[in-house]
$ cat work-v1.cif   # mmCIF, C-alpha atoms
data_input
loop_
_atom_site.label_atom_id
_atom_site.label_comp_id
_atom_site.auth_asym_id
_atom_site.auth_seq_id
_atom_site.Cartn_x
_atom_site.Cartn_y
_atom_site.Cartn_z
CA MET Y 16 161.72 -129.55 81.33
CA LYS Y 17 162.51 -129.09 85.01
CA TYR Y 18 161.87 -132.17 87.17
CA ASN Y 19 161.07 -132.24 90.89
CA PHE Y 20 163.01 -135.05 92.52
CA ASP Y 21 161.90 -133.97 95.98
CA GLU Y 22 158.45 -135.30 95.15
CA ILE Y 23 157.64 -138.39 97.21
CA VAL Y 24 155.96 -140.98 95.01
CA ASP Y 25 154.01 -143.67 96.87
CA ARG Y 26 155.19 -146.96 95.38
CA LYS Y 27 153.23 -149.23 97.69
CA GLY Y 28 150.65 -151.37 95.94
CA THR Y 29 152.60 -151.33 92.65
CA ASN Y 30 154.30 -154.73 93.09
CA SER Y 31 157.53 -152.87 93.85
CA ALA Y 32 160.24 -155.29 94.98
CA LYS Y 33 161.76 -152.47 97.01
CA TRP Y 34 158.66 -151.17 98.82
CA SER Y 35 156.49 -154.28 99.09
CA LYS Y 36 155.53 -155.01 102.72
CA GLU Y 37 155.26 -158.69 101.82
CA LEU Y 38 158.81 -158.87 100.49
CA LEU Y 39 160.21 -156.79 103.35
CA GLU Y 40 158.56 -159.26 105.73
CA GLN Y 41 160.07 -162.22 103.88
CA ARG Y 42 163.54 -160.68 103.59
CA PHE Y 43 163.90 -158.84 106.91
CA GLY Y 44 161.05 -160.11 109.06
CA ASP Y 45 159.50 -156.64 109.23
CA GLY Y 46 157.21 -155.16 106.59
CA GLU Y 47 157.40 -151.66 108.10
CA LEU Y 48 161.09 -150.97 107.48
CA LEU Y 49 162.11 -147.91 105.46
CA PRO Y 50 163.58 -149.50 102.31
CA LEU Y 51 166.85 -148.21 100.84
CA TRP Y 52 168.09 -151.58 99.66
CA VAL Y 53 166.95 -152.65 96.15
CA ALA Y 54 168.92 -150.74 93.52
CA ASP Y 55 166.23 -148.84 91.71
CA ILE Y 56 165.28 -145.16 91.77
CA ASP Y 57 162.41 -143.50 93.63
CA PHE Y 58 162.07 -140.80 90.96
CA LYS Y 59 159.52 -140.83 88.16
CA CYS Y 60 160.84 -141.75 84.71
CA PRO Y 61 161.47 -139.03 82.12
CA LYS Y 62 158.19 -137.51 80.94
CA PRO Y 63 158.85 -138.38 77.27
CA VAL Y 64 159.09 -142.05 78.29
CA VAL Y 65 155.84 -141.91 80.25
CA ASP Y 66 154.12 -140.13 77.34
CA ALA Y 67 155.41 -142.74 74.91
CA PHE Y 68 154.07 -145.52 77.17
CA VAL Y 69 150.65 -143.90 77.25
CA GLU Y 70 150.53 -143.55 73.48
CA ARG Y 71 151.62 -147.16 72.99
CA ALA Y 72 149.05 -148.35 75.54
CA LYS Y 73 146.28 -146.47 73.73
CA HIS Y 74 146.93 -148.54 70.62
CA GLY Y 75 145.28 -151.46 72.34
CA ILE Y 76 147.25 -154.29 70.73
CA TYR Y 77 150.38 -155.62 72.42
CA GLY Y 78 151.44 -158.45 70.16
CA TYR Y 79 154.87 -159.83 69.35
CA SER Y 80 157.29 -156.96 68.86
CA GLU Y 81 160.71 -156.84 67.25
CA ARG Y 82 163.68 -154.53 67.37
CA MET Y 83 163.84 -152.48 64.20
CA SER Y 84 166.58 -150.17 62.95
CA PRO Y 85 165.55 -147.17 65.14
CA TYR Y 86 166.01 -149.36 68.25
CA TYR Y 87 169.61 -150.17 67.33
CA GLN Y 88 170.36 -146.63 66.18
CA SER Y 89 169.29 -145.18 69.53
CA ILE Y 90 171.83 -147.47 71.29
CA ILE Y 91 174.56 -146.61 68.80
CA ASN Y 92 173.91 -142.87 69.11
CA TRP Y 93 173.78 -142.98 72.91
CA ASN Y 94 177.15 -144.72 73.21
CA LYS Y 95 178.76 -142.36 70.75
CA ARG Y 96 177.31 -139.29 72.45
CA ARG Y 97 177.93 -140.28 76.08
CA ASN Y 98 181.13 -142.33 75.85
CA ASN Y 99 182.61 -141.56 72.44
CA TRP Y 100 182.37 -145.30 71.75
CA GLU Y 101 181.44 -146.31 68.22
CA ILE Y 102 179.62 -149.62 68.05
CA LYS Y 103 177.97 -151.51 65.20
CA LYS Y 104 174.42 -152.78 64.91
CA GLU Y 105 175.50 -156.39 64.41
CA TRP Y 106 177.37 -156.36 67.73
CA ILE Y 107 174.15 -155.83 69.72
CA LEU Y 108 172.23 -158.80 71.14
CA PHE Y 109 169.10 -158.59 73.28
CA THR Y 110 168.62 -160.27 76.67
CA PRO Y 111 165.82 -159.89 79.25
CA GLY Y 112 168.10 -158.34 81.85
CA ILE Y 113 171.82 -158.33 82.63
CA VAL Y 114 171.75 -160.92 85.42
CA PRO Y 115 170.24 -163.57 83.10
CA ALA Y 116 172.78 -162.53 80.48
CA ILE Y 117 175.72 -163.05 82.84
CA ASN Y 118 174.45 -166.52 83.72
CA LEU Y 119 174.18 -167.39 80.03
CA LEU Y 120 177.57 -165.86 79.24
CA VAL Y 121 179.27 -167.91 81.96
CA ARG Y 122 177.64 -171.01 80.51
CA THR Y 123 178.59 -170.10 76.94
CA SER Y 124 182.18 -168.95 77.44
CA SER Y 125 183.49 -171.59 79.84
CA PHE Y 126 183.08 -175.25 80.77
CA PRO Y 127 181.99 -176.86 84.05
CA GLY Y 128 184.94 -176.88 86.43
CA ASP Y 129 186.53 -173.76 84.92
CA LYS Y 130 187.28 -170.72 87.08
CA VAL Y 131 185.89 -167.20 86.88
CA ILE Y 132 187.57 -164.20 88.54
CA ILE Y 133 185.52 -161.61 90.42
CA GLN Y 134 186.74 -158.63 92.44
CA ASN Y 135 185.08 -158.82 95.84
CA PRO Y 136 183.24 -157.30 97.59
CA VAL Y 137 181.07 -157.22 94.49
CA TYR Y 138 177.49 -157.50 93.22
CA TYR Y 139 176.39 -160.84 94.68
CA PRO Y 140 174.55 -162.25 91.61
CA PHE Y 141 178.02 -162.72 90.09
CA ASN Y 142 178.70 -165.42 92.71
CA VAL Y 143 175.38 -167.08 92.00
CA ALA Y 144 175.93 -167.06 88.23
CA ILE Y 145 179.29 -168.78 88.62
CA LEU Y 146 178.31 -171.41 91.19
CA ASN Y 147 174.89 -172.25 89.75
CA ASN Y 148 176.50 -173.06 86.43
CA GLY Y 149 179.09 -175.42 87.85
CA ARG Y 150 182.10 -173.12 87.68
CA HIS Y 151 184.48 -172.09 90.47
CA ILE Y 152 185.02 -168.61 91.87
CA GLN Y 153 188.53 -167.19 91.87
CA TYR Y 154 188.60 -164.10 94.08
CA ASN Y 155 190.76 -161.08 93.29
CA PRO Y 156 189.87 -158.87 96.30
CA LEU Y 157 189.89 -155.11 96.03
CA LYS Y 158 192.28 -153.15 98.24
CA TYR Y 159 191.17 -150.14 100.26
CA GLU Y 160 193.81 -147.42 100.12
CA ASN Y 161 193.64 -143.65 100.73
CA SER Y 162 189.83 -143.57 100.93
CA ARG Y 163 189.54 -145.38 97.59
CA CYS Y 164 189.28 -148.98 96.50
CA THR Y 165 191.90 -150.16 94.03
CA MET Y 166 192.57 -153.33 92.09
CA ASP Y 167 195.25 -155.73 93.32
CA TYR Y 168 197.16 -156.30 90.09
CA LYS Y 169 199.88 -158.43 91.65
CA ASP Y 170 197.27 -160.84 92.97
CA LEU Y 171 195.43 -160.76 89.63
CA GLU Y 172 198.61 -161.60 87.71
CA GLU Y 173 199.20 -164.68 89.84
CA LYS Y 174 195.64 -165.95 89.63
CA ALA Y 175 195.30 -165.25 85.91
CA LYS Y 176 198.15 -167.70 85.24
CA ASP Y 177 195.91 -170.61 86.24
CA PRO Y 178 194.91 -172.26 82.91
CA ARG Y 179 191.50 -173.09 84.39
CA VAL Y 180 190.64 -169.38 84.61
CA LYS Y 181 188.59 -168.53 81.50
CA LEU Y 182 186.62 -165.41 82.46
CA LEU Y 183 186.77 -162.27 84.56
CA ILE Y 184 183.53 -160.49 85.43
CA LEU Y 185 184.26 -156.78 85.75
CA CYS Y 186 181.85 -154.46 87.57
CA SER Y 187 182.34 -151.04 85.96
CA PRO Y 188 181.39 -148.79 87.72
CA HIS Y 189 181.75 -151.00 90.74
CA ASN Y 190 178.77 -152.09 92.81
CA PRO Y 191 178.74 -151.72 95.83
CA VAL Y 192 181.78 -149.48 96.40
CA GLY Y 193 180.89 -146.95 93.67
CA GLN Y 194 184.32 -146.93 92.04
CA VAL Y 195 184.61 -145.53 88.51
CA TRP Y 196 187.66 -147.24 87.09
CA THR Y 197 190.08 -145.00 85.19
CA LYS Y 198 191.32 -145.84 81.72
CA GLU Y 199 194.73 -146.61 83.22
CA GLU Y 200 193.26 -149.04 85.75
CA LEU Y 201 191.22 -150.82 83.10
CA THR Y 202 194.23 -151.00 80.78
CA LYS Y 203 196.33 -152.75 83.43
CA LEU Y 204 193.54 -155.26 84.06
CA GLY Y 205 192.99 -155.82 80.34
CA GLU Y 206 196.64 -156.43 79.59
CA ILE Y 207 196.78 -159.14 82.24
CA CYS Y 208 193.62 -160.80 80.92
CA ILE Y 209 194.70 -160.68 77.26
CA LYS Y 210 198.12 -162.10 78.15
CA ASN Y 211 196.40 -165.08 79.78
CA ASN Y 212 193.62 -165.46 77.18
CA ILE Y 213 190.86 -164.50 79.65
CA ILE Y 214 187.60 -163.04 78.34
CA VAL Y 215 186.30 -160.00 80.24
CA ILE Y 216 182.54 -159.80 80.84
CA SER Y 217 182.12 -156.11 81.65
CA ASP Y 218 178.91 -155.26 83.52
CA GLU Y 219 178.47 -151.57 82.70
CA VAL Y 220 174.83 -151.18 83.73
CA HIS Y 221 175.67 -148.17 85.95
CA SER Y 222 177.91 -146.52 83.35
CA ASP Y 223 175.60 -143.55 82.75
CA LEU Y 224 175.46 -142.72 86.46
CA ILE Y 225 178.84 -141.04 86.80
CA LEU Y 226 179.25 -138.40 89.50
CA LYS Y 227 180.98 -135.06 89.23
CA GLY Y 228 184.70 -135.15 88.48
CA HIS Y 229 184.76 -138.66 87.05
CA LYS Y 230 184.51 -140.25 83.61
CA HIS Y 231 183.40 -143.70 82.52
CA THR Y 232 185.55 -145.57 80.01
CA PRO Y 233 183.90 -148.56 78.29
CA PHE Y 234 186.38 -151.39 78.60
CA ALA Y 235 185.95 -152.40 74.97
CA SER Y 236 186.62 -148.86 73.74
CA ILE Y 237 190.25 -148.84 74.90
CA SER Y 238 191.60 -150.67 71.86
CA GLU Y 239 190.60 -153.13 69.17
CA GLU Y 240 192.44 -155.88 71.05
CA PHE Y 241 190.44 -155.10 74.19
CA ALA Y 242 187.21 -155.13 72.18
CA GLN Y 243 188.00 -158.60 70.84
CA HIS Y 244 188.46 -159.90 74.39
CA CYS Y 245 185.38 -158.26 75.88
CA ILE Y 246 181.63 -158.74 76.21
CA THR Y 247 179.88 -155.57 77.42
CA CYS Y 248 176.56 -155.70 79.28
CA THR Y 249 174.44 -152.54 79.01
CA ALA Y 250 170.85 -151.45 79.67
CA PRO Y 251 168.79 -148.30 80.22
CA SER Y 252 167.39 -149.92 83.37
CA LYS Y 253 169.47 -148.24 86.10
CA THR Y 254 169.90 -145.01 84.15
CA PHE Y 255 166.22 -144.27 83.57
CA ASN Y 256 164.55 -146.44 86.25
CA LEU Y 257 163.29 -149.02 83.74
CA ALA Y 258 164.54 -152.23 85.39
CA GLY Y 259 161.06 -153.77 85.50
CA LEU Y 260 160.91 -153.82 81.69
CA GLN Y 261 163.68 -156.44 81.45
CA THR Y 262 165.41 -154.95 78.42
CA SER Y 263 169.20 -155.10 78.11
CA ASN Y 264 171.74 -155.24 75.32
CA ILE Y 265 174.92 -157.28 75.18
CA ILE Y 266 177.58 -155.78 72.93
CA ILE Y 267 180.05 -158.30 71.45
CA PRO Y 268 182.52 -157.10 68.78
CA ASN Y 269 184.21 -160.52 68.54
CA GLU Y 270 182.33 -162.46 65.86
CA ARG Y 271 183.17 -165.90 67.26
CA LEU Y 272 182.02 -165.00 70.77
CA ARG Y 273 178.92 -163.35 69.34
CA ILE Y 274 177.95 -166.42 67.33
CA TYR Y 275 178.39 -168.67 70.36
CA PHE Y 276 176.24 -166.40 72.51
CA SER Y 277 173.61 -166.07 69.78
CA GLN Y 278 173.36 -169.85 69.72
CA THR Y 279 172.89 -169.90 73.49
CA LEU Y 280 170.11 -167.32 73.26
CA GLU Y 281 168.43 -169.29 70.48
CA SER Y 282 168.66 -172.56 72.38
CA ASN Y 283 166.91 -170.87 75.31
CA ALA Y 284 164.26 -169.27 73.03
CA ILE Y 285 165.37 -165.74 73.98
CA ARG Y 286 164.40 -163.68 70.95
CA MET Y 287 162.03 -160.77 71.48
CA PRO Y 288 161.79 -157.95 74.03
CA ASN Y 289 158.39 -156.85 75.23
CA ALA Y 290 156.61 -154.09 73.35
CA PHE Y 291 157.01 -151.51 76.11
CA GLY Y 292 160.69 -152.29 76.57
CA ILE Y 293 161.34 -151.29 72.97
CA VAL Y 294 159.40 -148.03 73.39
CA ALA Y 295 161.16 -147.25 76.68
CA LEU Y 296 164.67 -147.80 75.40
CA ARG Y 297 164.23 -145.78 72.22
CA THR Y 298 162.52 -142.87 73.95
CA ALA Y 299 164.90 -142.78 76.92
CA TYR Y 300 168.04 -142.79 74.80
CA ASN Y 301 166.63 -140.29 72.29
CA GLU Y 302 164.79 -137.89 74.63
CA GLY Y 303 165.83 -138.63 78.23
CA GLU Y 304 169.25 -137.00 78.42
CA GLY Y 305 167.98 -133.78 80.02
CA TRP Y 306 166.27 -135.80 82.75
CA LEU Y 307 169.48 -137.76 83.37
CA GLU Y 308 171.57 -134.61 83.75
CA GLN Y 309 169.13 -133.34 86.38
CA VAL Y 310 169.21 -136.69 88.19
CA LEU Y 311 173.02 -136.60 88.27
CA GLU Y 312 172.94 -133.10 89.73
CA TYR Y 313 170.54 -134.30 92.44
CA LEU Y 314 172.64 -137.39 93.19
CA ASN Y 315 175.74 -135.25 93.59
CA LYS Y 316 173.88 -133.18 96.19
CA ASP Y 317 172.83 -136.38 97.97
CA VAL Y 318 176.47 -137.51 98.11
CA CYS Y 319 177.48 -134.18 99.67
CA PHE Y 320 174.62 -134.47 102.13
CA ILE Y 321 175.67 -137.98 103.23
CA GLU Y 322 179.31 -136.92 103.51
CA GLU Y 323 178.49 -133.94 105.74
CA PHE Y 324 175.95 -135.85 107.82
CA VAL Y 325 178.37 -138.72 108.53
CA LYS Y 326 181.22 -136.33 109.31
CA GLU Y 327 179.19 -134.23 111.74
CA LYS Y 328 176.82 -136.73 113.35
CA MET Y 329 178.32 -140.21 112.85
CA PRO Y 330 182.11 -139.81 112.85
CA GLU Y 331 182.43 -143.48 113.90
CA VAL Y 332 181.04 -144.47 110.49
CA LYS Y 333 183.31 -144.25 107.47
CA PHE Y 334 181.70 -143.14 104.20
CA ILE Y 335 183.35 -144.47 101.05
CA LYS Y 336 182.50 -141.61 98.73
CA PRO Y 337 181.12 -143.00 95.46
CA GLU Y 338 182.42 -141.86 92.09
CA GLY Y 339 179.49 -143.39 90.24
CA THR Y 340 176.18 -145.27 90.77
CA TYR Y 341 173.60 -144.15 93.36
CA LEU Y 342 174.88 -146.55 96.01
CA ALA Y 343 176.74 -145.52 99.17
CA TRP Y 344 179.11 -147.91 100.97
CA LEU Y 345 179.16 -147.28 104.73
CA ASP Y 346 181.76 -148.84 107.02
CA PHE Y 347 180.54 -149.55 110.59
CA THR Y 348 183.73 -151.32 111.72
CA ALA Y 349 184.64 -148.67 114.30
CA LEU Y 350 181.48 -149.44 116.28
CA GLY Y 351 183.24 -152.55 117.54
CA LYS Y 352 180.27 -154.76 116.71
CA ASN Y 353 180.08 -157.95 114.69
CA GLU Y 354 178.03 -158.27 111.49
CA LYS Y 355 174.88 -159.55 113.17
CA GLU Y 356 175.00 -156.89 115.88
CA ILE Y 357 175.26 -154.15 113.23
CA GLU Y 358 172.42 -155.78 111.32
CA MET Y 359 170.31 -155.76 114.47
CA ILE Y 360 171.01 -152.04 115.05
CA ILE Y 361 170.01 -151.10 111.50
CA GLN Y 362 166.93 -153.30 111.23
CA LYS Y 363 165.54 -153.50 114.77
CA LYS Y 364 166.49 -150.10 116.15
CA ALA Y 365 166.78 -147.82 113.12
CA LYS Y 366 164.00 -149.69 111.28
CA ILE Y 367 165.84 -149.41 107.94
CA ALA Y 368 166.20 -152.03 105.21
CA LEU Y 369 169.72 -151.93 103.74
CA ASP Y 370 171.79 -154.53 101.91
CA GLU Y 371 174.20 -156.22 104.32
CA GLY Y 372 177.82 -155.84 103.28
CA TYR Y 373 178.70 -159.48 103.81
CA VAL Y 374 176.38 -160.64 101.00
CA PHE Y 375 178.82 -158.96 98.59
CA GLY Y 376 181.56 -161.33 99.71
CA LYS Y 377 184.70 -161.20 101.78
CA GLY Y 378 185.72 -157.62 102.50
CA GLY Y 379 182.13 -156.50 102.87
CA GLU Y 380 181.79 -157.48 106.51
CA ARG Y 381 180.58 -154.67 108.78
CA PHE Y 382 179.59 -152.57 105.75
CA LYS Y 383 176.12 -151.56 104.58
CA ARG Y 384 175.00 -150.54 101.11
CA ILE Y 385 172.49 -147.71 101.00
CA ASN Y 386 170.56 -146.62 97.90
CA PHE Y 387 170.44 -142.81 97.95
CA ALA Y 388 168.44 -142.36 94.71
CA CYS Y 389 165.45 -141.02 96.58
CA PRO Y 390 164.03 -137.68 97.72
CA GLN Y 391 166.43 -136.09 100.21
CA TYR Y 392 163.69 -136.06 102.84
CA ILE Y 393 163.69 -139.87 102.84
CA LEU Y 394 167.49 -140.02 102.87
CA GLU Y 395 167.71 -137.59 105.78
CA ARG Y 396 165.04 -139.52 107.66
CA ALA Y 397 166.99 -142.75 107.20
CA LEU Y 398 170.32 -141.26 108.28
CA ASN Y 399 168.73 -139.67 111.36
CA ARG Y 400 167.33 -143.07 112.35
CA ILE Y 401 170.73 -144.72 111.93
CA GLU Y 402 172.47 -141.97 113.92
CA GLU Y 403 169.97 -142.27 116.74
CA ALA Y 404 170.22 -146.07 116.77
CA ILE Y 405 174.01 -146.28 116.97
CA HIS Y 406 174.23 -143.58 119.67
CA ASN Y 407 171.40 -144.86 121.85
#

$ encode --input "work-v1.cif" --output "structure tokens"
Amino acid sequence: MKYNFDEIVDRKGTNSAKWSKELLEQRFGDGELLPLWVADIDFKCPKPVVDAFVERAKHGIYGYSERMSPYYQSIINWNKRRNNWEIKKEWILFTPGIVPAINLLVRTSSFPGDKVIIQNPVYYPFNVAILNNGRHIQYNPLKYENSRCTMDYKDLEEKAKDPRVKLLILCSPHNPVGQVWTKEELTKLGEICIKNNIIVISDEVHSDLILKGHKHTPFASISEEFAQHCITCTAPSKTFNLAGLQTSNIIIPNERLRIYFSQTLESNAIRMPNAFGIVALRTAYNEGEGWLEQVLEYLNKDVCFIEEFVKEKMPEVKFIKPEGTYLAWLDFTALGKNEKEIEMIIQKKAKIALDEGYVFGKGGERFKRINFACPQYILERALNRIEEAIHN
């Protein structure tokens, strides 16, 4: 089936966190901003998923629902097909979203006062998960070299030696900079962590959204030793625009770590996904691949559009070309403005809602994250507003 991603779907009045005037007013002080901030897609879900929802809704009973064998098999088949990664049913644990899972994993796999490494600028809920659970953040900042962000292995080696460091939360692909880590890069990181007995929590929620010329490598697939030192967080939420269904799967090959996390889930009464989450996951993984390939083609065109637009009309702005995700990382440093002045230009003059770079931590100052998973008309409209605002 051929999908039309140029179609503009009105999401107002649907309790959308991204498009809600009420939330835009609370967050930015202006409910009329054009929102390209929250990381979900403005495209309709795959038709097979929508059809499966309708059929399930027609049944009329939405009682307690469990994950049966076809649920697990769809996850196993998807990982084998997309990433050549063979996983087992018993490795898979359910959580109602990856952010709650990371909070629970930090609590399960470390003690209060321990340290957790993150590679800033990075997805800001990582910070919250660490601090809210009484742990300390150990930063291993990314380096920007030759139009690409890289890991600072020398810095990581030094910080990993601290016996209080118990975990490293890896963002793979990286949010917000859009980096798809190569197998070689992940291997270097893994060797340092294994040497220092550090468990890697690998957030791979964007792992299906890989742009042309790049390849995702699941961290745990590199070797058996890596798998035994890794907890992988996955979900169909970003891939198929199903985030509101709160259905994610945590893959843990290490039996000891899996038992500990299972006990944490049980102690918090986290057992069953909702009925529609089960239907969505199975249908998306089994029948949504054609839709995904078309989305990736469209996203690649959006990346080219942003690159050309910035080059021709906003040469002062540096575009960090993403290798994965649907998030663009724009550097406004050359404008000679501070963070708040740039924020004022984007929000008050351009009337756009973007995520401020500084919320992702040190290194994100004077950057903006823009979600380009939308019809190109909306993206062009937003970029034109930004161009006009910074030049006038």

$ resolve_selection --input "work-v1.cif" --expression "the PyMOL selection byres ((chain Y and resi 157) around 6)" --output "list in words"
Gln134, Pro156, Lys158, Thr165 and Met166 of chain Y

$ closest_residue --input "work-v1.cif" --among "Y:Thr232, Y:Ile145, Y:Trp52, Y:Val195" --to "Trp100 in chain Y" --atoms "only C-alpha atoms"
Y:Thr232

$ residues_around --input "work-v1.cif" --residues "Glu105 in chain Y" --least-positions-apart "6" --cutoff "12 Å" --atoms "all atoms listed in the file" --output "MDAnalysis selection string"
chainID Y and resid 84 87:88 90:91 264:270 273:274 277

$ resolve_selection --input "work-v1.cif" --expression "the PyMOL selection byres ((chain Y and resi 257) around 10)" --output "PyMOL selection string"
chain Y and resi 55-56+60+64+250-256+258-262+292+295-296+299

$ residues_near_point --input "work-v1.cif" --point "(168.7, -159.3, 91.6)" --cutoff "10 Å" --atoms "all atoms listed in the file" --output "list in words"
Ala32, Val53, Ala54, Gly112, Ile113, Val114, Pro115, Tyr138, Tyr139 and Pro140 of chain Y

$ resolve_selection --input "work-v1.cif" --expression "the PyMOL selection byres ((chain Y and resi 316-323) around 8)" --output "PDB file with C-alpha atoms, in the coordinates of the input"
ATOM      1  CA  GLU Y 312     172.940-133.100  89.730  1.00  0.00           C
ATOM      2  CA  TYR Y 313     170.540-134.300  92.440  1.00  0.00           C
ATOM      3  CA  LEU Y 314     172.640-137.390  93.190  1.00  0.00           C
ATOM      4  CA  ASN Y 315     175.740-135.250  93.590  1.00  0.00           C
ATOM      5  CA  PHE Y 324     175.950-135.850 107.820  1.00  0.00           C
ATOM      6  CA  VAL Y 325     178.370-138.720 108.530  1.00  0.00           C
ATOM      7  CA  LYS Y 326     181.220-136.330 109.310  1.00  0.00           C
ATOM      8  CA  GLU Y 327     179.190-134.230 111.740  1.00  0.00           C
ATOM      9  CA  PHE Y 334     181.700-143.140 104.200  1.00  0.00           C
ATOM     10  CA  LYS Y 336     182.500-141.610  98.730  1.00  0.00           C
ATOM     11  CA  PRO Y 337     181.120-143.000  95.460  1.00  0.00           C
ATOM     12  CA  PHE Y 387     170.440-142.810  97.950  1.00  0.00           C
ATOM     13  CA  GLN Y 391     166.430-136.090 100.210  1.00  0.00           C
TER      14      GLN Y 391
END
